[in-house]
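Data from query-v6.csv: CSV, C-alpha atoms
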```
chain,number,residue,atom,x,y,z
A,1,MET,CA,3.7,12.7,-1.7
A,2,HIS,CA,6.1,10.2,0.1
A,3,THR,CA,6.1,9.8,3.8
A,4,ALA,CA,8.1,7.6,6.1
A,5,ILE,CA,6.9,6.3,9.5
A,6,THR,CA,9.8,6.0,11.8
A,7,ASP,CA,10.6,5.2,15.4
A,8,ASN,CA,10.4,8.2,17.8
A,9,GLY,CA,12.3,6.5,20.6
A,10,THR,CA,9.3,4.7,22.0
A,11,ARG,CA,9.3,1.9,19.3
A,12,GLU,CA,6.0,3.4,18.0
A,13,PRO,CA,5.7,4.5,14.4
A,14,LEU,CA,5.9,8.3,13.7
A,15,GLY,CA,5.2,9.9,10.3
A,16,LEU,CA,7.8,11.8,8.4
A,17,ASP,CA,7.7,13.1,4.8
A,18,ILE,CA,9.7,10.9,2.4
A,19,ALA,CA,11.7,14.0,1.5
A,20,ALA,CA,13.3,13.4,4.9
A,21,VAL,CA,14.0,9.8,3.9
A,22,MET,CA,15.3,10.8,0.5
A,23,SER,CA,17.4,13.5,2.2
A,24,ASP,CA,19.0,10.9,4.5
A,25,PRO,CA,21.6,9.2,2.2
A,26,ASP,CA,21.6,6.0,4.3
A,27,LEU,CA,17.8,5.5,4.3
A,28,ASP,CA,17.5,6.5,0.6
A,29,ALA,CA,20.3,4.2,-0.5
A,30,ARG,CA,18.7,1.2,1.2
A,31,PHE,CA,15.0,1.9,0.4
A,32,GLU,CA,14.7,0.0,-2.8
A,33,GLU,CA,16.6,-3.0,-1.6
A,34,SER,CA,14.6,-3.1,1.7
A,35,ALA,CA,11.3,-2.8,-0.1
A,36,HIS,CA,12.3,-5.6,-2.4
A,37,ARG,CA,13.2,-7.8,0.5
A,38,ILE,CA,9.8,-7.2,2.3
A,39,LEU,CA,7.7,-7.7,-0.8
A,40,ALA,CA,9.6,-10.8,-2.0
A,41,ASP,CA,9.6,-12.4,1.4
A,42,LEU,CA,5.8,-11.8,1.9
A,43,VAL,CA,5.0,-13.2,-1.5
A,44,ARG,CA,7.2,-16.2,-0.9
A,45,GLU,CA,5.2,-16.8,2.3
A,46,GLY,CA,1.9,-16.6,0.3
A,47,ALA,CA,0.9,-13.0,0.9
A,48,ALA,CA,-1.8,-11.6,-1.4
A,49,LEU,CA,0.1,-8.8,-3.0
A,50,GLY,CA,-0.6,-9.4,-6.7
A,51,TRP,CA,2.4,-11.6,-7.5
A,52,VAL,CA,2.3,-15.4,-7.8
A,53,ASP,CA,6.1,-15.6,-7.5
A,54,PRO,CA,8.3,-13.2,-5.6
A,55,PRO,CA,9.0,-10.0,-7.6
A,56,SER,CA,12.5,-9.4,-8.9
A,57,ARG,CA,14.5,-6.5,-7.6
A,58,GLY,CA,14.1,-4.9,-11.0
A,59,GLU,CA,10.3,-5.2,-10.9
A,60,VAL,CA,10.2,-3.6,-7.4
A,61,ALA,CA,12.6,-0.8,-8.6
A,62,GLU,CA,10.4,-0.1,-11.6
A,63,LEU,CA,7.3,0.0,-9.4
A,64,LEU,CA,8.9,2.4,-6.9
A,65,ASP,CA,10.2,4.6,-9.7
A,66,ARG,CA,6.7,4.8,-11.3
A,67,VAL,CA,4.9,5.5,-8.0
A,68,THR,CA,7.6,8.0,-7.0
A,69,SER,CA,7.2,9.9,-10.3
A,70,GLU,CA,3.4,9.9,-9.9
A,71,ALA,CA,3.7,11.1,-6.3
A,72,HIS,CA,5.9,14.0,-7.4
A,73,ALA,CA,3.2,14.9,-10.0
A,74,GLY,CA,0.5,14.8,-7.3
A,75,ASN,CA,-1.1,11.6,-8.7
A,76,ALA,CA,0.0,9.2,-6.0
A,77,ALA,CA,1.1,8.8,-2.4
A,78,LEU,CA,3.8,6.5,-1.2
A,79,ARG,CA,4.4,5.8,2.5
A,80,ALA,CA,7.3,3.9,4.0
A,81,ALA,CA,7.2,2.6,7.6
A,82,TYR,CA,10.4,2.5,9.7
A,83,ILE,CA,11.1,1.2,13.1
A,84,GLY,CA,14.4,2.6,14.1
A,85,ARG,CA,16.2,2.9,10.8
A,86,GLN,CA,14.9,-0.4,9.4
A,87,LEU,CA,12.1,-0.3,6.7
A,88,VAL,CA,9.3,-2.6,7.9
A,89,GLY,CA,6.5,-1.7,5.6
A,90,LEU,CA,5.2,0.4,2.7
A,91,GLY,CA,2.0,1.3,0.9
A,92,TYR,CA,0.7,3.5,-1.9
A,93,TRP,CA,-2.2,4.7,-3.8
A,94,GLN,CA,-2.5,6.2,-7.3
A,95,ARG,CA,-5.1,8.2,-9.1
A,96,TYR,CA,-6.9,6.5,-11.9
A,97,ALA,CA,-5.5,7.3,-15.3
A,98,ARG,CA,-8.8,7.6,-17.2
A,99,PRO,CA,-9.7,11.3,-17.3
A,100,THR,CA,-13.2,10.7,-16.2
A,101,HIS,CA,-11.9,8.8,-13.1
A,102,ARG,CA,-9.2,11.3,-12.1
A,103,PRO,CA,-11.0,12.5,-8.9
A,104,HIS,CA,-10.5,9.0,-7.6
A,105,ALA,CA,-7.6,6.8,-6.6
A,106,ASP,CA,-6.9,3.1,-5.9
A,107,LEU,CA,-5.0,1.9,-2.8
A,108,GLU,CA,-2.8,-0.6,-4.6
A,109,LYS,CA,-0.5,-2.1,-1.9
A,110,VAL,CA,-0.1,-2.1,1.8
A,111,ALA,CA,2.7,-4.5,2.9
A,112,VAL,CA,4.2,-5.0,6.4
A,113,GLY,CA,7.2,-7.3,6.9
A,114,ALA,CA,6.5,-10.4,8.9
A,115,ALA,CA,8.6,-9.3,11.9
A,116,ALA,CA,6.7,-6.1,12.3
A,117,GLN,CA,3.2,-7.4,11.9
A,118,GLY,CA,0.9,-6.9,14.9
A,119,ARG,CA,2.8,-3.8,15.9
A,120,GLY,CA,0.4,-1.2,14.5
A,121,VAL,CA,2.4,-0.6,11.3
A,122,GLY,CA,-0.4,-1.5,8.9
A,123,ARG,CA,-2.7,0.8,10.8
A,124,ALA,CA,-0.2,3.6,10.7
A,125,LEU,CA,0.3,3.2,7.0
A,126,MET,CA,-3.4,3.3,6.5
A,127,THR,CA,-3.8,6.4,8.6
A,128,ALA,CA,-1.1,8.2,6.5
A,129,LEU,CA,-2.5,7.0,3.2
A,130,VAL,CA,-6.1,7.9,3.9
A,131,ALA,CA,-4.9,11.3,5.2
A,132,ASP,CA,-2.9,11.8,2.0
A,133,ALA,CA,-5.9,11.0,-0.1
A,134,ARG,CA,-8.1,13.5,1.7
A,135,ARG,CA,-5.5,16.2,1.3
A,136,ALA,CA,-5.1,15.4,-2.4
A,137,GLY,CA,-8.9,15.9,-2.9
A,138,ILE,CA,-9.6,12.3,-3.7
A,139,GLU,CA,-13.3,11.7,-3.8
A,140,VAL,CA,-13.4,7.9,-3.6
A,141,LEU,CA,-10.5,5.7,-2.6
A,142,THR,CA,-10.9,2.2,-3.8
A,143,LEU,CA,-9.0,-1.1,-3.3
A,144,ASP,CA,-9.3,-4.7,-4.0
A,145,ALA,CA,-8.1,-7.6,-2.0
A,146,ARG,CA,-8.0,-11.4,-2.1
A,147,GLY,CA,-11.1,-12.8,-0.3
A,148,ASP,CA,-9.0,-15.0,2.0
A,149,ASN,CA,-7.0,-12.1,3.3
A,150,GLY,CA,-9.0,-11.7,6.5
A,151,ASN,CA,-6.6,-9.5,8.4
A,152,ALA,CA,-6.4,-6.9,5.5
A,153,LEU,CA,-10.2,-7.0,5.0
A,154,ARG,CA,-10.8,-6.3,8.8
A,155,LEU,CA,-8.3,-3.5,8.7
A,156,TYR,CA,-10.0,-1.9,5.6
A,157,ARG,CA,-13.5,-2.2,7.2
A,158,SER,CA,-12.2,-0.6,10.4
A,159,TRP,CA,-11.2,2.4,8.4
A,160,GLY,CA,-14.8,2.7,7.0
A,161,PHE,CA,-14.2,1.0,3.7
A,162,THR,CA,-17.3,-0.7,2.4
A,163,GLU,CA,-17.5,-3.7,0.1
A,164,TYR,CA,-19.1,-2.8,-3.2
A,165,GLY,CA,-18.5,-6.0,-5.2
A,166,ARG,CA,-17.0,-9.4,-5.4
A,167,LEU,CA,-15.8,-11.6,-8.3
A,168,PRO,CA,-16.0,-15.2,-7.1
A,169,ASP,CA,-13.0,-17.4,-7.7
A,170,PHE,CA,-11.4,-14.6,-9.8
A,171,VAL,CA,-7.8,-14.7,-8.4
A,172,ALA,CA,-5.8,-17.7,-9.7
A,173,VAL,CA,-2.8,-18.9,-7.7
A,174,GLY,CA,-1.8,-22.2,-9.4
A,175,GLU,CA,-4.9,-24.4,-9.1
A,176,ARG,CA,-6.4,-22.4,-6.2
A,177,ARG,CA,-9.0,-19.8,-6.7
A,178,TYR,CA,-10.0,-16.9,-4.5
A,179,ASP,CA,-12.6,-14.2,-4.6
A,180,LYS,CA,-11.5,-10.7,-5.6
A,181,VAL,CA,-13.2,-8.3,-3.2
A,182,PHE,CA,-13.7,-4.6,-4.0
A,183,TYR,CA,-13.8,-1.9,-1.3
A,184,MET,CA,-14.4,1.9,-1.3
A,185,LEU,CA,-14.0,4.8,1.0
A,186,ASP,CA,-16.2,7.6,-0.2
A,187,PHE,CA,-14.9,11.0,1.1
A,188,ARG,CA,-17.8,12.8,-0.5
A,189,SER,CA,-20.3,11.4,2.1
A,190,ALA,CA,-17.9,12.1,5.0
A,191,GLY,CA,-18.8,15.0,7.2
```

Write out the structure in this file as structure tokens.
Amino acid sequence: MHTAITDNGTREPLGLDIAAVMSDPDLDARFEESAHRILADLVREGAALGWVDPPSRGEVAELLDRVTSEAHAGNAALRAAYIGRQLVGLGYWQRYARPTHRPHADLEKVAVGAAAQGRGVGRALMTALVADARRAGIEVLTLDARGDNGNALRLYRSWGFTEYGRLPDFVAVGERRYDKVFYMLDFRSAG
């Protein structure tokens, strides 16, 4: 399932299904390019999104195509955040591929453009992604994050994610090393 979060006239995010984005030729035509710009700019500024160097447009297109295909098959959720008609963030989760792990999914990326940070976009994306996971029958939603990404770790904890492991100095960015921190949200124990 894809969903967009868009401006409702109050400059606050509002959720819409991605079908609405894809049915809007203007938004659909600019989605890939805008997503690339957000991800590349964030990585260029040192964001912990899994790339050392900014991803190419082709890499982002391939990623979005794969996640979109998985979302249509019910194996993923992709959310896009808009303020007005400008893409300001995106996030997605995917089910694990291993058959014995299929009841579970991994939240792989949540990215908010620098100009929109601090405006509740990350929280809105998380709200939507967690709701999608619940609706999809996901039992445990996992994620991993770089240990120095304090804002993201605080956001995840505020959603009830708990740390279940840490690999010290596992993430290599040039000569620097960071912990890889593992979090989980277990819907099985939720009331």

All residues 7 Å or closer to region 122-126 of chain A, only C-alpha atoms, same chain fewer than 5 positions away omitted, as an NGL selection string
:A and (79 or 81 or 91 or 112)

Counting all atoms listed in the file, give me one row per residue of region 144-176 of chain A with an atom at most 12 Å from an atom of region 41-65 of chain A, showing the shortest contact pair and its distance in Å to one decimal, sorted by chain then residue number, as a tab-separated table.
```
residue	atom	partner	partner_atom	distance
A:Asp144	CA	A:Gly50	CA	10.3
A:Ala145	CA	A:Ala48	CA	7.5
A:Arg146	CA	A:Ala48	CA	6.2
A:Gly147	CA	A:Ala48	CA	9.4
A:Asp148	CA	A:Ala48	CA	8.7
A:Asn149	CA	A:Ala48	CA	7.0
A:Gly150	CA	A:Ala48	CA	10.7
A:Asn151	CA	A:Ala48	CA	11.1
A:Ala152	CA	A:Ala48	CA	9.5
A:Leu153	CA	A:Ala48	CA	11.5
A:Val171	CA	A:Gly50	CA	9.1
A:Ala172	CA	A:Val52	CA	8.6
A:Val173	CA	A:Val52	CA	6.2
A:Gly174	CA	A:Val52	CA	8.1
A:Glu175	CA	A:Val52	CA	11.6
A:Arg176	CA	A:Val52	CA	11.3
```

Minimum-distance residue to Arg30 (chain A), chosen among A:Val67, A:Ala76, A:Val121, A:Leu87 (using all atoms listed in the file):
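Selected residue with least distance to Arg30 (chain A): A:Leu87.
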
Residues near Phe170 (chain A), cut-off 6 Å, only C-alpha atoms, skip fewer than 4 positions along chain, as an mmCIF file with C-alpha atoms, in the frame of the given file:
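Generated output (out.cif):
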```cif
data_model
loop_
_atom_site.group_PDB
_atom_site.id
_atom_site.type_symbol
_atom_site.label_atom_id
_atom_site.label_comp_id
_atom_site.auth_asym_id
_atom_site.auth_seq_id
_atom_site.Cartn_x
_atom_site.Cartn_y
_atom_site.Cartn_z
ATOM 1 C CA TYR A 178 -10.000 -16.900 -4.500
ATOM 2 C CA ASP A 179 -12.600 -14.200 -4.600
ATOM 3 C CA LYS A 180 -11.500 -10.700 -5.600
#
```

What gap, in Å, lies between CA of Ala115 (chain A) and CA of Gln86 (chain A)?
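Computed distance, CA of Ala115 (chain A) to CA of Gln86 (chain A), equals 11.2 Å.
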
Atomic distance CA of Ser189 (chain A) - CA of Lys109 (chain A), expressed in Å with one decimal
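Separation of CA of Ser189 (chain A) and CA of Lys109 (chain A): 24.3 Å.
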
What is the CA of Ser34 (chain A) to CA of Arg154 (chain A) distance in Å?
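Computing it gives 26.6 Å between the two atoms.
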
Could the centre and edge lengths of an axis-aligned box, enclosing all atoms of region 114-128 of chain A in the file with 4 Å extra on each side, be given in Å to one decimal as lines of an AutoDock Vina configuration file?
```
center_x = 2.4
center_y = -1.1
center_z = 11.2
size_x = 20.4
size_y = 26.6
size_z = 17.4
```

Selection: 8 Å around Leu141 (chain A), only C-alpha atoms, excl. self and same-chain fewer than 4 positions, as JSON, numbers by chain
{"A": [104, 105, 106, 107, 133, 184, 185, 186, 187]}

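When only C-alpha atoms are used to compute distances to Glu108 (chain A), the closest of the residues A:Ile83, A:His72, A:Ala77, A:Ser158 turns out to be A:Ala77.
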
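Using only C-alpha atoms, the shortest contact distance between Leu78 (chain A) and any of A:Ala136, A:Leu129, A:Tyr92, A:Ala35 is found at A:Tyr92.
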
Residues at most 6 Å from Gly113 (chain A), counting only C-alpha atoms, excluding those fewer than 5 positions away in the same chain, as a list in words?
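Answer for this query is Ile38, Val88 and Gly89 of chain A.
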